[in-house]
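The file work_35.cif contains mmCIF, C-alpha atoms:
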data_target
loop_
_atom_site.label_atom_id
_atom_site.label_comp_id
_atom_site.auth_asym_id
_atom_site.auth_seq_id
_atom_site.Cartn_x
_atom_site.Cartn_y
_atom_site.Cartn_z
CA MET A 1 16.27 13.02 12.35
CA ARG A 2 14.12 10.43 10.57
CA ARG A 3 16.14 7.50 9.15
CA ILE A 4 15.06 4.50 7.11
CA ALA A 5 16.71 1.45 5.58
CA LEU A 6 15.42 0.10 2.30
CA TYR A 7 16.25 -3.42 1.07
CA ARG A 8 15.64 -5.16 -2.21
CA ILE A 9 15.81 -8.93 -2.15
CA HIS A 10 15.14 -11.89 -4.41
CA TYR A 11 16.87 -14.43 -2.18
CA GLY A 12 19.35 -14.21 0.65
CA LEU A 13 17.77 -15.01 3.99
CA ASP A 14 21.11 -16.44 5.13
CA PHE A 15 22.27 -12.84 5.72
CA LEU A 16 19.10 -10.72 5.81
CA GLY A 17 18.58 -11.24 9.55
CA LYS A 18 22.18 -10.27 10.35
CA SER A 19 21.87 -7.23 8.14
CA ILE A 20 18.59 -6.02 9.66
CA ASP A 21 19.88 -6.69 13.17
CA SER A 22 23.02 -4.65 12.44
CA LEU A 23 21.03 -1.46 11.77
CA TYR A 24 17.73 -2.08 13.59
CA LEU A 25 18.49 0.28 16.49
CA HIS A 26 19.82 2.96 14.13
CA VAL A 27 16.72 3.53 11.98
CA ASP A 28 13.08 4.45 12.48
CA LYS A 29 11.74 2.08 9.82
CA ILE A 30 12.99 -0.79 7.65
CA PHE A 31 11.39 -1.56 4.30
CA VAL A 32 12.07 -4.85 2.50
CA PHE A 33 11.01 -5.15 -1.15
CA TRP A 34 10.85 -8.83 -2.09
CA SER A 35 10.76 -10.02 -5.71
CA LYS A 36 9.84 -13.66 -6.19
CA GLN A 37 11.03 -13.61 -9.80
CA PRO A 38 14.60 -12.76 -10.85
CA TRP A 39 15.01 -9.26 -12.22
CA TYR A 40 16.64 -10.60 -15.38
CA LYS A 41 13.77 -12.52 -16.96
CA GLU A 42 15.99 -14.50 -19.36
CA CYS A 43 17.42 -16.60 -16.51
CA LYS A 44 17.10 -20.32 -17.03
CA ASN A 45 17.63 -23.35 -14.78
CA LEU A 46 17.43 -21.42 -11.55
CA PRO A 47 17.11 -23.34 -8.31
CA PRO A 48 13.60 -23.37 -6.86
CA MET A 49 12.61 -20.42 -4.67
CA ASN A 50 12.40 -21.92 -1.20
CA GLU A 51 12.61 -18.73 0.85
CA ASN A 52 9.71 -16.70 2.18
CA VAL A 53 10.78 -13.19 3.13
CA VAL A 54 7.36 -12.27 4.55
CA GLU A 55 7.41 -15.24 6.95
CA PHE A 56 11.04 -14.59 7.87
CA CYS A 57 10.37 -10.93 8.73
CA LYS A 58 7.40 -11.82 10.95
CA LYS A 59 9.92 -12.49 13.72
CA TYR A 60 10.27 -8.70 14.03
CA ASP A 61 6.52 -8.31 14.65
CA GLY A 62 7.06 -9.60 18.16
CA TRP A 63 9.52 -6.81 18.93
CA GLY A 64 6.53 -4.49 19.37
CA ASP A 65 7.60 -1.47 17.37
CA ASN A 66 6.23 -2.26 13.89
CA LYS A 67 9.56 -1.29 12.40
CA VAL A 68 9.90 -3.83 9.55
CA THR A 69 7.52 -3.71 6.56
CA VAL A 70 7.70 -6.10 3.59
CA PHE A 71 6.39 -5.24 0.12
CA GLU A 72 6.07 -7.96 -2.52
CA ARG A 73 7.01 -6.34 -5.83
CA GLU A 74 8.29 -7.54 -9.19
CA TYR A 75 10.67 -5.49 -11.33
CA ASP A 76 11.73 -6.22 -14.88
CA LEU A 77 15.16 -4.63 -14.61
CA PRO A 78 17.38 -3.36 -11.80
CA ASP A 79 17.37 0.10 -13.43
CA ASN A 80 16.05 2.71 -11.02
CA GLN A 81 14.58 0.11 -8.64
CA PHE A 82 15.59 1.93 -5.48
CA LYS A 83 14.03 5.17 -6.73
CA LYS A 84 10.76 3.38 -7.49
CA MET A 85 10.80 1.75 -4.05
CA TYR A 86 11.62 5.02 -2.30
CA ASP A 87 8.83 6.85 -4.15
CA GLU A 88 6.34 4.16 -3.13
CA ILE A 89 7.41 4.40 0.51
CA CYS A 90 6.96 8.17 0.47
CA GLN A 91 3.34 7.72 -0.64
CA TYR A 92 2.51 5.97 2.65
CA TYR A 93 5.11 7.11 5.19
CA PRO A 94 6.74 10.43 6.11
CA ARG A 95 9.69 11.38 3.91
CA PRO A 96 12.95 10.51 5.74
CA ASP A 97 15.90 12.80 6.33
CA GLN A 98 18.30 9.96 5.56
CA ALA A 99 17.74 6.75 3.61
CA LEU A 100 20.16 3.84 3.52
CA PHE A 101 19.73 1.63 0.45
CA MET A 102 20.77 -1.94 1.21
CA GLU A 103 21.11 -5.46 -0.16
CA PRO A 104 20.43 -8.43 2.16
CA ASP A 105 24.11 -9.41 2.45
CA MET A 106 25.27 -6.00 3.72
CA VAL A 107 26.01 -6.03 7.44
CA TRP A 108 27.10 -3.01 9.50
CA ASP A 109 29.38 -2.63 12.49
CA HIS A 110 27.54 -0.35 14.98
CA SER A 111 30.39 2.13 15.43
CA THR A 112 30.88 2.44 11.67
CA LEU A 113 27.18 3.03 11.12
CA ASN A 114 27.20 5.76 13.79
CA GLU A 115 29.89 7.54 11.75
CA VAL A 116 27.98 7.06 8.49
CA TRP A 117 24.99 9.03 9.80
CA LYS A 118 27.27 12.04 10.36
CA LEU A 119 28.25 12.29 6.68
CA GLN A 120 26.84 15.32 4.93
CA ASP A 121 27.19 14.36 1.26
CA ASP A 122 23.95 14.41 -0.74
CA GLU A 123 24.63 10.79 -1.68
CA ILE A 124 27.51 8.48 -0.91
CA SER A 125 28.16 4.79 -1.64
CA PHE A 126 30.44 2.62 0.43
CA ASP A 127 32.77 -0.20 -0.57
CA GLN A 128 31.63 -3.65 0.40
CA ILE A 129 33.07 -7.05 1.11
CA GLU A 130 30.57 -9.55 -0.23
CA PHE A 131 30.37 -12.76 1.76
CA TRP A 132 29.24 -15.99 0.17
CA LYS A 133 27.21 -18.49 2.21
CA SER A 134 29.05 -17.61 5.45
CA GLU A 135 31.52 -15.09 6.80
CA LYS A 136 34.27 -17.60 6.01
CA TYR A 137 34.16 -16.95 2.24
CA TYR A 138 33.94 -13.72 0.30
CA VAL A 139 33.74 -12.77 -3.37
CA PRO A 140 37.01 -11.15 -4.46
CA ARG A 141 36.58 -8.09 -6.67
CA GLU A 142 39.03 -6.84 -9.29
CA GLN A 143 37.15 -3.54 -9.31
CA PRO A 144 35.35 -1.95 -6.35
CA ARG A 145 31.63 -2.58 -6.37
CA PRO A 146 29.31 -0.02 -4.81
CA GLY A 147 27.80 -1.24 -1.60
CA PRO A 148 25.21 0.39 0.60
CA THR A 149 24.27 3.93 -0.40
CA LEU A 150 23.26 6.76 1.93
CA TRP A 151 21.01 9.54 0.69
CA ASN A 152 20.72 12.74 2.73
CA SER A 153 17.72 15.01 2.14
CA VAL A 154 18.66 17.66 4.70
CA VAL A 155 22.15 18.61 3.54
#
Before we go any further, please render this structure as structure tokens.
Amino acid sequence: MRRIALYRIHYGLDFLGKSIDSLYLHVDKIFVFWSKQPWYKECKNLPPMNENVVEFCKKYDGWGDNKVTVFEREYDLPDNQFKKMYDEICQYYPRPDQALFMEPDMVWDHSTLNEVWKLQDDEISFDQIEFWKSEKYYVPREQPRPGPTLWNSVV
């Protein structure tokens, strides 16, 4: 079964490495779409962008399996971003059987991820606990917020 993980990121290198490491052995390919500009273009007084996702992900080049690919792309709105990214991937790479859509601060436990791959729903989103700056602090939610989403093409 061919599995991929697909990330979208504007900033968040403090967790991206942990996230990629948590699923690296579970997928055939990891795609990271990096936007240098915020998706909401009306933002003002943002801190300077001092992260370089391409440079950060070069550490995986030395692992010898060419598993992590970074695309630099700008999007005007978050609407349908993952679909656009997925469609672009499928132009250049074989269509996967399962795709896991991720944000850089989503980290998996290996045993939980093994169970996720067994799910047969066409699409399923998981609850998340969103950490802030470290695993010591998290963002409390009054309402559940969708986390990573699994898409199955072979159901």
Need to verify the contact set: Phe33 in chain A, 9 Å, all atoms listed in the file, exclusion of same-chain residues closer than 3 positions in sequence. Can you return it as an MDAnalysis selection string? chainID A and resid 6:10 69:74 85
Expanded to explicit residues, what is the PyMOL selection byres ((chain A and resi 22) around 9) for this file, as a list in words?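 Here the PyMOL selection byres ((chain A and resi 22) around 9) matches Gly17, Lys18, Ser19, Ile20, Asp21, Leu23, Tyr24, Leu25, His26, Val107, Trp108, Asp109, His110 and Leu113 of chain A.
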Which is closest to Glu115 in chain A among A:Lys59, A:Asp97, A:Asn52, A:Leu150, if we use only C-alpha atoms?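 Nearest candidate to Glu115 in chain A out of A:Lys59, A:Asp97, A:Asn52, A:Leu150: A:Leu150.
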Exercise for review: Go ahead and compute the interatomic distance for CA of Phe101 in chain A and CA of Phe82 in chain A, in Å to one decimal.
Suggested key: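 Going from CA of Phe101 in chain A over to CA of Phe82 in chain A, I get 7.2 Å.
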As AutoDock Vina command-line options, please report the centre and edge lengths, rounded to one decimal in Å, of the axis-aligned box that holds all listed atoms of range 108-126 of chain A with 4 Å of padding on each of the six sides.
--center_x 27.4 --center_y 6.2 --center_z 6.9 --size_x 14.9 --size_y 26.3 --size_z 25.1
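With all atoms listed in the file as the basis for measurement, A:Val139 is the residue among A:Leu119, A:Val68, A:Val139, A:Cys43 that approaches Asp105 in chain A most closely.
Here CA of Phe56 in chain A stands at a distance of 21.0 Å from CA of Leu100 in chain A.
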